[in-house]
$ cat upload.pdb   # PDB, C-alpha atoms
ATOM      1  CA  MET T   1      -8.063  -6.183 -14.735
ATOM      2  CA  VAL T   2      -9.448  -2.943 -16.100
ATOM      3  CA  ALA T   3      -7.177  -0.422 -17.815
ATOM      4  CA  LYS T   4      -6.384   2.770 -15.953
ATOM      5  CA  SER T   5      -9.091   5.369 -16.254
ATOM      6  CA  ASN T   6      -9.294   9.070 -15.473
ATOM      7  CA  PRO T   7      -6.144  10.157 -13.600
ATOM      8  CA  LYS T   8      -8.286  12.518 -11.530
ATOM      9  CA  GLN T   9     -10.128   9.596  -9.946
ATOM     10  CA  GLN T  10     -12.315  10.528  -7.011
ATOM     11  CA  LEU T  11     -10.433   9.821  -3.784
ATOM     12  CA  SER T  12     -11.396  10.130  -0.148
ATOM     13  CA  LEU T  13      -8.201   9.516   1.805
ATOM     14  CA  SER T  14      -7.674   9.456   5.549
ATOM     15  CA  VAL T  15      -4.085   9.235   6.810
ATOM     16  CA  GLN T  16      -3.489   8.152  10.399
ATOM     17  CA  TYR T  17      -0.100   8.318  12.073
ATOM     18  CA  ALA T  18      -0.683   6.066  15.087
ATOM     19  CA  ASP T  19       3.102   5.701  14.946
ATOM     20  CA  PRO T  20       4.281   9.214  14.012
ATOM     21  CA  ARG T  21       7.908   8.373  13.147
ATOM     22  CA  LEU T  22       7.366   8.667   9.378
ATOM     23  CA  GLN T  23       4.993  11.625   9.480
ATOM     24  CA  GLU T  24       7.605  14.192   8.442
ATOM     25  CA  LEU T  25       9.157  11.966   5.761
ATOM     26  CA  LEU T  26       5.762  10.942   4.359
ATOM     27  CA  PRO T  27       3.460  13.957   4.540
ATOM     28  CA  ARG T  28      -0.138  13.696   3.387
ATOM     29  CA  PRO T  29       0.421  15.375  -0.021
ATOM     30  CA  LEU T  30       3.101  12.813  -0.946
ATOM     31  CA  ILE T  31       0.897   9.962   0.235
ATOM     32  CA  ARG T  32      -2.085  11.318  -1.751
ATOM     33  CA  LYS T  33       0.089  11.625  -4.892
ATOM     34  CA  THR T  34       1.341   8.054  -4.436
ATOM     35  CA  VAL T  35      -2.151   6.649  -3.860
ATOM     36  CA  ARG T  36      -3.575   8.499  -6.879
ATOM     37  CA  ALA T  37      -0.831   7.086  -9.116
ATOM     38  CA  ALA T  38      -2.013   3.538  -8.296
ATOM     39  CA  LEU T  39      -5.728   4.268  -8.380
ATOM     40  CA  TYR T  40      -7.887   2.842 -11.162
ATOM     41  CA  PHE T  41     -11.277   3.394  -9.523
ATOM     42  CA  PRO T  42     -12.884   5.936  -7.206
ATOM     43  CA  ALA T  43     -11.866   5.034  -3.665
ATOM     44  CA  GLU T  44     -12.391   5.634   0.030
ATOM     45  CA  LEU T  45      -9.149   4.635   1.722
ATOM     46  CA  THR T  46      -7.582   4.898   5.147
ATOM     47  CA  LEU T  47      -3.825   4.631   5.337
ATOM     48  CA  ARG T  48      -2.527   4.001   8.857
ATOM     49  CA  PHE T  49       1.071   3.889  10.094
ATOM     50  CA  VAL T  50       1.494   1.608  13.103
ATOM     51  CA  ASP T  51       4.289   0.305  15.321
ATOM     52  CA  ALA T  52       5.420  -3.335  15.450
ATOM     53  CA  ALA T  53       3.080  -4.263  18.316
ATOM     54  CA  GLU T  54      -0.058  -3.087  16.495
ATOM     55  CA  GLY T  55       1.182  -4.516  13.197
ATOM     56  CA  GLN T  56       1.781  -7.909  14.795
ATOM     57  CA  GLU T  57      -1.613  -7.862  16.507
ATOM     58  CA  LEU T  58      -3.442  -7.072  13.256
ATOM     59  CA  ASN T  59      -1.502  -9.668  11.272
ATOM     60  CA  ARG T  60      -2.110 -12.313  13.955
ATOM     61  CA  ASP T  61      -5.804 -11.529  14.448
ATOM     62  CA  TYR T  62      -6.754 -11.213  10.778
ATOM     63  CA  ARG T  63      -4.239 -13.392   8.915
ATOM     64  CA  GLY T  64      -3.207 -15.901  11.584
ATOM     65  CA  LYS T  65       0.458 -14.890  11.243
ATOM     66  CA  ASP T  66       2.069 -13.855  14.531
ATOM     67  CA  TYR T  67       4.562 -11.250  13.328
ATOM     68  CA  ALA T  68       4.525  -7.679  12.095
ATOM     69  CA  THR T  69       4.556  -7.385   8.308
ATOM     70  CA  ASN T  70       5.302  -4.402   6.093
ATOM     71  CA  VAL T  71       1.828  -3.740   4.661
ATOM     72  CA  LEU T  72      -1.634  -5.132   5.285
ATOM     73  CA  THR T  73      -4.629  -4.327   3.115
ATOM     74  CA  PHE T  74      -8.149  -4.804   4.367
ATOM     75  CA  ALA T  75     -10.299  -4.501   1.246
ATOM     76  CA  TYR T  76     -14.006  -4.114   1.903
ATOM     77  CA  THR T  77     -15.196  -4.025  -1.702
ATOM     78  CA  ASP T  78     -15.722  -7.591  -2.904
ATOM     79  CA  ASP T  79     -18.176  -6.750  -5.682
ATOM     80  CA  GLU T  80     -16.355  -6.118  -8.990
ATOM     81  CA  ASP T  81     -19.221  -3.825 -10.016
ATOM     82  CA  ALA T  82     -18.896  -1.623  -6.923
ATOM     83  CA  GLU T  83     -18.575   2.052  -7.792
ATOM     84  CA  VAL T  84     -16.135   2.836  -4.983
ATOM     85  CA  THR T  85     -13.166   0.837  -3.702
ATOM     86  CA  GLN T  86     -13.071   0.835   0.107
ATOM     87  CA  ALA T  87     -10.081  -0.339   2.123
ATOM     88  CA  ASP T  88      -7.807   0.192   5.090
ATOM     89  CA  ILE T  89      -4.087  -0.030   4.320
ATOM     90  CA  ILE T  90      -1.750  -0.526   7.264
ATOM     91  CA  LEU T  91       2.000   0.148   7.072
ATOM     92  CA  CYS T  92       4.191  -1.011   9.933
ATOM     93  CA  THR T  93       6.815   1.679  10.499
ATOM     94  CA  ASP T  94       9.302  -0.675  12.182
ATOM     95  CA  VAL T  95       9.212  -3.164   9.309
ATOM     96  CA  VAL T  96       9.288  -0.463   6.616
ATOM     97  CA  GLN T  97      12.372   1.122   8.194
ATOM     98  CA  ARG T  98      14.140  -2.221   8.712
ATOM     99  CA  GLU T  99      13.456  -3.425   5.158
ATOM    100  CA  ALA T 100      14.557  -0.118   3.627
ATOM    101  CA  ASP T 101      17.822  -0.371   5.542
ATOM    102  CA  GLU T 102      18.339  -4.039   4.574
ATOM    103  CA  GLN T 103      17.575  -3.289   0.914
ATOM    104  CA  LYS T 104      19.684  -0.111   0.950
ATOM    105  CA  LYS T 105      16.708   2.001  -0.176
ATOM    106  CA  SER T 106      15.316   5.216   1.175
ATOM    107  CA  VAL T 107      12.487   4.794   3.654
ATOM    108  CA  VAL T 108      10.351   7.163   1.559
ATOM    109  CA  GLU T 109      10.772   5.174  -1.667
ATOM    110  CA  HIS T 110      10.175   1.856   0.103
ATOM    111  CA  ALA T 111       7.053   3.226   1.783
ATOM    112  CA  GLN T 112       5.787   4.573  -1.548
ATOM    113  CA  HIS T 113       6.266   1.124  -3.074
ATOM    114  CA  LEU T 114       4.314  -0.467  -0.223
ATOM    115  CA  ILE T 115       1.537   2.138  -0.547
ATOM    116  CA  VAL T 116       1.232   1.326  -4.265
ATOM    117  CA  HIS T 117       1.241  -2.386  -3.395
ATOM    118  CA  GLY T 118      -1.520  -1.891  -0.828
ATOM    119  CA  VAL T 119      -3.644   0.238  -3.160
ATOM    120  CA  LEU T 120      -3.410  -2.423  -5.857
ATOM    121  CA  HIS T 121      -4.511  -5.064  -3.337
ATOM    122  CA  ALA T 122      -7.453  -2.836  -2.392
ATOM    123  CA  GLN T 123      -8.524  -2.877  -6.040
ATOM    124  CA  GLY T 124      -8.459  -6.655  -6.320
ATOM    125  CA  TYR T 125      -4.917  -7.361  -7.489
ATOM    126  CA  ASP T 126      -3.113 -10.228  -5.794
ATOM    127  CA  HIS T 127       0.056 -12.296  -6.032
ATOM    128  CA  GLU T 128      -1.106 -15.761  -5.027
ATOM    129  CA  THR T 129      -0.035 -17.314  -8.343
ATOM    130  CA  ASP T 130       3.049 -16.628 -10.466
ATOM    131  CA  ASP T 131       0.928 -14.981 -13.179
ATOM    132  CA  GLU T 132      -0.793 -12.725 -10.641
ATOM    133  CA  ALA T 133       2.564 -11.845  -9.082
ATOM    134  CA  ASP T 134       4.035 -11.017 -12.492
ATOM    135  CA  GLU T 135       1.056  -8.783 -13.344
ATOM    136  CA  MET T 136       1.111  -7.009 -10.002
ATOM    137  CA  GLU T 137       4.881  -6.459 -10.057
ATOM    138  CA  ALA T 138       4.709  -5.071 -13.606
ATOM    139  CA  LEU T 139       2.027  -2.612 -12.526
ATOM    140  CA  GLU T 140       4.048  -1.585  -9.463
ATOM    141  CA  ILE T 141       7.156  -0.992 -11.601
ATOM    142  CA  GLU T 142       5.142   1.087 -14.110
ATOM    143  CA  ILE T 143       3.375   3.145 -11.428
ATOM    144  CA  LEU T 144       6.578   3.793  -9.491
ATOM    145  CA  ALA T 145       8.400   4.801 -12.701
ATOM    146  CA  GLY T 146       5.604   7.318 -13.275
ATOM    147  CA  LEU T 147       6.464   8.746  -9.853
ATOM    148  CA  GLY T 148      10.148   8.903 -10.807
ATOM    149  CA  LEU T 149      11.112   5.916  -8.649
ATOM    150  CA  GLU T 150      13.337   2.967  -9.505
ATOM    151  CA  ASN T 151      12.215  -0.607 -10.018
ATOM    152  CA  PRO T 152      11.859  -1.962  -6.457
ATOM    153  CA  TYR T 153      12.550  -5.534  -7.602
ATOM    154  CA  GLN T 154      16.090  -4.909  -8.878
TER     155      GLN T 154
END
$ encode --input "upload.pdb" --output "C-alpha cells"
Amino acid sequence: MVAKSNPKQQLSLSVQYADPRLQELLPRPLIRKTVRAALYFPAELTLRFVDAAEGQELNRDYRGKDYATNVLTFAYTDDEDAEVTQADIILCTDVVQREADEQKKSVVEHAQHLIVHGVLHAQGYDHETDDEADEMEALEIEILAGLGLENPYQ
C-alpha cells in the first residue's frame, strides 16, 4: 500500500446515528479525528451507527452471514487510481458495546478501533491472508497509538 500522505487529507464525512446510544460518547469531532488519523487518501465517507436488527439485516443481505457484526465497510472505490475513496462504514452499537464489555475496554476506545479498521478497509486494506492481517493490524496499532490509545490486540 501507499505511504501516508498529507495529514490534512480532504475528507467529506457524514455521521448518522440511526441508533443514538453512542452519540454522546462518540461525538462528530472525535469521529472526524479518528477517521482522519486512518486516512491516506481524500475520502467521502458515511459512518452509520445501527442497532442489532439493522446490523444483522445488512450483514445477511450483503455478506450472507445472518448475524450482527461489529463493523461493516461498503467500499465503492475499486479503482486504485481513483482520486477519492468512497465508502459507507456501519458500526453496530449492540455488538460494539458487548465486545467492549467482554474485552474490558471502554466503548469509546473499542469504537475508535473499529472506525480505524473500517477506514482501512475502505482504502483497500484487508485481512484475508495472514500477511494482510499482519499488515492491517500493524497499521491499526500505529494509528491508534497516534491517537493515544493502547494496542487493541493485547
$ resolve_selection --input "upload.pdb" --expression "the PyMOL selection byres ((chain T and resi 117) around 9)" --output "NGL selection string"
:T and (38 or 71 or 73 or 112-116 or 118-122 or 125 or 136-137 or 140)
$ resolve_selection --input "upload.pdb" --expression "the PyMOL selection byres ((chain T and resi 43-46) around 12)" --output "PyMOL selection string"
chain T and resi 8-17+28+31-32+35-36+38-42+47-49+72-77+82-91+115+118-123
$ atom_distance --input "upload.pdb" --atom1 "atom CA of T:Glu57" --atom2 "atom CA of T:Ala111"
20.4 Å
$ residues_near_point --input "upload.pdb" --point "(10.6, 1.3, 8.6)" --cutoff "9 Å" --atoms "only C-alpha atoms" --output "PyMOL selection string"
chain T and resi 21-22+70+91-101+107+110-111
$ write_last_selection --input "upload.pdb" --atoms "C-alpha atoms" --output "short mmCIF file (atom, residue, chain, number, x, y, z; two decimals), in the frame of the given file"
data_model
loop_
_atom_site.label_atom_id
_atom_site.label_comp_id
_atom_site.auth_asym_id
_atom_site.auth_seq_id
_atom_site.Cartn_x
_atom_site.Cartn_y
_atom_site.Cartn_z
CA ARG T 21 7.91 8.37 13.15
CA LEU T 22 7.37 8.67 9.38
CA ASN T 70 5.30 -4.40 6.09
CA LEU T 91 2.00 0.15 7.07
CA CYS T 92 4.19 -1.01 9.93
CA THR T 93 6.82 1.68 10.50
CA ASP T 94 9.30 -0.68 12.18
CA VAL T 95 9.21 -3.16 9.31
CA VAL T 96 9.29 -0.46 6.62
CA GLN T 97 12.37 1.12 8.19
CA ARG T 98 14.14 -2.22 8.71
CA GLU T 99 13.46 -3.42 5.16
CA ALA T 100 14.56 -0.12 3.63
CA ASP T 101 17.82 -0.37 5.54
CA VAL T 107 12.49 4.79 3.65
CA HIS T 110 10.18 1.86 0.10
CA ALA T 111 7.05 3.23 1.78
#
$ residues_near_point --input "upload.pdb" --point "(4.0, 4.7, 15.1)" --cutoff "6 Å" --atoms "only C-alpha atoms" --output "list of chain:residue names"
T:Ala18, T:Asp19, T:Pro20, T:Arg21, T:Phe49, T:Val50, T:Asp51
$ closest_residue --input "upload.pdb" --among "T:Thr129, T:Lys104, T:Ala37, T:Asp78" --to "T:Gly146" --atoms "all atoms listed in the file"
T:Ala37
$ build_atoms --input "upload.pdb" --residues "stretch 16-32 of chain T" --atoms "N, CA and C atoms" --output "compact mmCIF listing (two decimals), keeping the file's coordinate frame"
# COMPACT_ATOMS: atom_id res chain seq x y z
N GLN T 16 -3.62 8.22 8.94
CA GLN T 16 -3.49 8.15 10.40
C GLN T 16 -2.05 7.78 10.76
N TYR T 17 -1.46 8.59 11.61
CA TYR T 17 -0.10 8.32 12.07
C TYR T 17 -0.16 7.84 13.52
N ALA T 18 -0.67 6.62 13.73
CA ALA T 18 -0.68 6.07 15.09
C ALA T 18 0.75 5.95 15.59
N ASP T 19 1.66 5.65 14.68
CA ASP T 19 3.10 5.70 14.95
C ASP T 19 3.61 6.88 14.11
N PRO T 20 3.97 7.98 14.75
CA PRO T 20 4.28 9.21 14.01
C PRO T 20 5.70 9.31 13.43
N ARG T 21 6.50 8.27 13.55
CA ARG T 21 7.91 8.37 13.15
C ARG T 21 8.12 8.72 11.68
N LEU T 22 7.20 8.37 10.81
CA LEU T 22 7.37 8.67 9.38
C LEU T 22 6.54 9.87 8.92
N GLN T 23 5.90 10.53 9.84
CA GLN T 23 4.99 11.62 9.48
C GLN T 23 5.71 12.74 8.72
N GLU T 24 6.90 13.12 9.14
CA GLU T 24 7.60 14.19 8.44
C GLU T 24 8.14 13.73 7.09
N LEU T 25 8.62 12.49 7.02
CA LEU T 25 9.16 11.97 5.76
C LEU T 25 8.06 11.69 4.74
N LEU T 26 6.88 11.30 5.23
CA LEU T 26 5.76 10.94 4.36
C LEU T 26 4.54 11.82 4.68
N PRO T 27 4.60 13.07 4.28
CA PRO T 27 3.46 13.96 4.54
C PRO T 27 2.25 13.59 3.67
N ARG T 28 1.11 14.03 4.09
CA ARG T 28 -0.14 13.70 3.39
C ARG T 28 -0.11 13.99 1.89
N PRO T 29 0.43 15.14 1.43
CA PRO T 29 0.42 15.38 -0.02
C PRO T 29 1.21 14.32 -0.81
N LEU T 30 2.33 13.85 -0.27
CA LEU T 30 3.10 12.81 -0.95
C LEU T 30 2.33 11.49 -0.95
N ILE T 31 1.69 11.19 0.16
CA ILE T 31 0.90 9.96 0.24
C ILE T 31 -0.26 10.02 -0.76
N ARG T 32 -0.95 11.16 -0.82
CA ARG T 32 -2.08 11.32 -1.75
C ARG T 32 -1.59 11.13 -3.19
